[in-house]
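A.B. asks: Handing over entry_12.pdb, PDB, C-alpha atoms, pLDDT in the B column.
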ATOM      1  CA  MET A   1     -18.210 -59.560  17.954  1.00 47.00           C
ATOM      2  CA  ASN A   2     -19.966 -56.250  17.454  1.00 49.00           C
ATOM      3  CA  LYS A   3     -17.645 -53.389  18.402  1.00 52.00           C
ATOM      4  CA  ARG A   4     -19.277 -50.133  19.370  1.00 54.00           C
ATOM      5  CA  LYS A   5     -17.407 -46.951  18.510  1.00 61.00           C
ATOM      6  CA  TYR A   6     -17.093 -44.328  21.189  1.00 69.00           C
ATOM      7  CA  GLY A   7     -15.766 -40.876  20.630  1.00 84.00           C
ATOM      8  CA  LYS A   8     -16.815 -37.300  20.251  1.00 94.00           C
ATOM      9  CA  VAL A   9     -20.593 -36.915  19.988  1.00 96.00           C
ATOM     10  CA  CYS A  10     -22.533 -33.651  20.062  1.00 97.00           C
ATOM     11  CA  CYS A  11     -24.762 -33.325  23.140  1.00 97.00           C
ATOM     12  CA  VAL A  12     -27.434 -31.192  21.427  1.00 97.00           C
ATOM     13  CA  VAL A  13     -30.790 -32.958  21.172  1.00 95.00           C
ATOM     14  CA  ASN A  14     -31.404 -34.235  17.615  1.00 95.00           C
ATOM     15  CA  CYS A  15     -27.888 -33.312  16.471  1.00 96.00           C
ATOM     16  CA  LYS A  16     -26.281 -36.312  14.799  1.00 95.00           C
ATOM     17  CA  ASN A  17     -22.720 -34.955  14.621  1.00 96.00           C
ATOM     18  CA  THR A  18     -20.016 -37.383  15.691  1.00 95.00           C
ATOM     19  CA  GLN A  19     -16.321 -37.526  14.970  1.00 94.00           C
ATOM     20  CA  TYR A  20     -17.061 -40.454  12.642  1.00 93.00           C
ATOM     21  CA  ASN A  21     -19.776 -38.965  10.433  1.00 93.00           C
ATOM     22  CA  THR A  22     -18.782 -35.316  10.029  1.00 91.00           C
ATOM     23  CA  LYS A  23     -15.917 -33.465   8.409  1.00 91.00           C
ATOM     24  CA  ASN A  24     -14.745 -29.921   9.054  1.00 92.00           C
ATOM     25  CA  VAL A  25     -16.542 -29.903  12.405  1.00 96.00           C
ATOM     26  CA  HIS A  26     -14.785 -29.369  15.716  1.00 97.00           C
ATOM     27  CA  PHE A  27     -16.029 -30.605  19.071  1.00 97.00           C
ATOM     28  CA  TYR A  28     -15.732 -28.385  22.133  1.00 97.00           C
ATOM     29  CA  SER A  29     -15.828 -29.389  25.780  1.00 97.00           C
ATOM     30  CA  PHE A  30     -17.932 -27.638  28.371  1.00 96.00           C
ATOM     31  CA  SER A  31     -15.151 -26.122  30.441  1.00 94.00           C
ATOM     32  CA  MET A  32     -14.888 -27.465  33.970  1.00 93.00           C
ATOM     33  CA  LYS A  33     -12.407 -24.772  35.009  1.00 94.00           C
ATOM     34  CA  PRO A  34     -13.529 -22.733  38.042  1.00 94.00           C
ATOM     35  CA  HIS A  35     -13.014 -19.395  36.283  1.00 94.00           C
ATOM     36  CA  LYS A  36     -15.312 -20.493  33.413  1.00 94.00           C
ATOM     37  CA  VAL A  37     -18.333 -21.521  35.496  1.00 94.00           C
ATOM     38  CA  GLU A  38     -20.453 -18.681  34.098  1.00 94.00           C
ATOM     39  CA  GLN A  39     -19.646 -19.631  30.490  1.00 95.00           C
ATOM     40  CA  ARG A  40     -20.438 -23.314  31.163  1.00 96.00           C
ATOM     41  CA  GLU A  41     -23.776 -22.431  32.774  1.00 96.00           C
ATOM     42  CA  LYS A  42     -24.687 -20.250  29.791  1.00 96.00           C
ATOM     43  CA  TRP A  43     -23.817 -23.081  27.379  1.00 97.00           C
ATOM     44  CA  ILE A  44     -25.985 -25.495  29.393  1.00 97.00           C
ATOM     45  CA  LYS A  45     -28.883 -23.043  29.321  1.00 95.00           C
ATOM     46  CA  ALA A  46     -28.416 -22.476  25.562  1.00 96.00           C
ATOM     47  CA  VAL A  47     -28.513 -26.219  24.818  1.00 96.00           C
ATOM     48  CA  ARG A  48     -31.964 -26.401  26.503  1.00 94.00           C
ATOM     49  CA  ARG A  49     -31.720 -30.017  27.568  1.00 95.00           C
ATOM     50  CA  SER A  50     -33.395 -31.619  30.560  1.00 93.00           C
ATOM     51  CA  ASN A  51     -33.179 -34.963  32.296  1.00 94.00           C
ATOM     52  CA  ALA A  52     -35.960 -37.559  32.089  1.00 94.00           C
ATOM     53  CA  ASP A  53     -37.310 -36.365  35.462  1.00 96.00           C
ATOM     54  CA  GLY A  54     -37.496 -32.765  34.190  1.00 92.00           C
ATOM     55  CA  SER A  55     -34.487 -31.516  36.145  1.00 93.00           C
ATOM     56  CA  LEU A  56     -31.830 -29.374  34.478  1.00 89.00           C
ATOM     57  CA  TRP A  57     -29.297 -31.408  32.523  1.00 95.00           C
ATOM     58  CA  GLN A  58     -25.648 -30.942  33.511  1.00 95.00           C
ATOM     59  CA  SER A  59     -22.526 -31.402  31.432  1.00 95.00           C
ATOM     60  CA  ASN A  60     -19.511 -33.412  32.545  1.00 94.00           C
ATOM     61  CA  LYS A  61     -15.872 -33.570  31.494  1.00 93.00           C
ATOM     62  CA  TYR A  62     -16.763 -35.790  28.522  1.00 94.00           C
ATOM     63  CA  THR A  63     -19.625 -33.663  27.160  1.00 96.00           C
ATOM     64  CA  LYS A  64     -19.004 -32.142  23.722  1.00 97.00           C
ATOM     65  CA  ILE A  65     -20.830 -29.712  21.466  1.00 98.00           C
ATOM     66  CA  SER A  66     -20.103 -29.438  17.765  1.00 98.00           C
ATOM     67  CA  SER A  67     -18.899 -26.252  16.123  1.00 98.00           C
ATOM     68  CA  GLU A  68     -22.006 -26.197  13.909  1.00 97.00           C
ATOM     69  CA  HIS A  69     -23.885 -24.640  16.853  1.00 98.00           C
ATOM     70  CA  PHE A  70     -21.630 -21.553  16.880  1.00 98.00           C
ATOM     71  CA  ILE A  71     -21.770 -18.588  14.512  1.00 98.00           C
ATOM     72  CA  GLY A  72     -18.884 -18.921  12.074  1.00 97.00           C
ATOM     73  CA  ASN A  73     -18.551 -22.641  12.867  1.00 97.00           C
ATOM     74  CA  ALA A  74     -16.165 -21.897  15.754  1.00 97.00           C
ATOM     75  CA  LYS A  75     -16.436 -20.840  19.378  1.00 97.00           C
ATOM     76  CA  SER A  76     -14.893 -17.668  20.694  1.00 97.00           C
ATOM     77  CA  GLU A  77     -13.331 -17.053  24.083  1.00 94.00           C
ATOM     78  CA  HIS A  78     -14.305 -13.374  23.986  1.00 95.00           C
ATOM     79  CA  PRO A  79     -17.525 -12.760  25.979  1.00 94.00           C
ATOM     80  CA  LEU A  80     -18.722 -10.044  23.585  1.00 96.00           C
ATOM     81  CA  SER A  81     -18.332 -12.213  20.490  1.00 97.00           C
ATOM     82  CA  PRO A  82     -21.508 -13.661  18.935  1.00 97.00           C
ATOM     83  CA  SER A  83     -19.687 -17.018  18.964  1.00 97.00           C
ATOM     84  CA  PHE A  84     -19.128 -17.014  22.723  1.00 97.00           C
ATOM     85  CA  LEU A  85     -22.311 -19.046  23.213  1.00 97.00           C
ATOM     86  CA  PRO A  86     -23.873 -21.727  20.999  1.00 98.00           C
ATOM     87  CA  THR A  87     -26.889 -20.168  19.289  1.00 98.00           C
ATOM     88  CA  ILE A  88     -27.560 -22.277  16.187  1.00 97.00           C
ATOM     89  CA  PHE A  89     -30.061 -25.054  16.824  1.00 96.00           C
ATOM     90  CA  LEU A  90     -32.188 -26.630  14.100  1.00 84.00           C
TER      91      LEU A  90
END
Would you give me this structure, written as structure tokens?
C.D. replies:
Amino acid sequence: MNKRKYGKVCCVVNCKNTQYNTKNVHFYSFSMKPHKVEQREKWIKAVRRSNADGSLWQSNKYTKISSEHFIGNAKSEHPLSPSFLPTIFL
């Protein structure tokens, strides 16, 4: 039987980071907390993904983004930090 591995996978288009093939990379969730709606919306906009029908892609509680997309390889909770939003996309 062929077992498929599930786990942390980066949501960024063309990013191949998973918990199984990368080391020294963290995976962050798109916060679903009501007081972090603005941060989540900014992350979604930064990722620049769309659905097959052209509509804006939305994250869910399982969506992850790898730390490689943040300056310094880590996210910041401070809104004025350059690592508050993902900005590194190849």
A.B. asks: Which residue gives the smallest distance to A:Ile44 among A:Leu80, A:Leu90, A:Ala74, A:Leu85, with only C-alpha atoms counted?
C.D. replies: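 Closest to A:Ile44 of all the choices is A:Leu85.
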A.B. asks: What's the separation between atom CA of A:His69 and atom CA of A:Phe89, in Å to one decimal place?
C.D. replies: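 Interatomic distance here is 6.2 Å.
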A.B. asks: Exactly which residues make up the result of the PyMOL selection byres ((chain A and resi 46) around 10) on this file, given as a list in words?
C.D. replies: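 Applied to this file, the PyMOL selection byres ((chain A and resi 46) around 10) selects Val12, Arg40, Glu41, Lys42, Trp43, Ile44, Lys45, Val47, Arg48, Arg49, Leu85, Pro86, Thr87, Ile88 and Phe89 of chain A.
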A.B. asks: Hey, what comes out of the PyMOL selection byres ((chain A and resi 62-67) around 12) on this file? Could you write it as a PyMOL selection string?
C.D. replies: chain A and resi 6-13+15-19+22-32+40+43-44+46-47+57-61+68-76+83-89
A.B. asks: Mind pulling up the distance from atom CA of A:Leu56 to atom CA of A:Lys33?
C.D. replies: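 Between atom CA of A:Lys33 and atom CA of A:Leu56 the gap is 20.0 Å.
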A.B. asks: As an exercise, work out the distance from atom CA of A:Glu38 to atom CA of A:Ser55 in Å and give it to one decimal place.
C.D. replies: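 Answer for the atom CA of A:Glu38 to atom CA of A:Ser55 separation: 19.1 Å.
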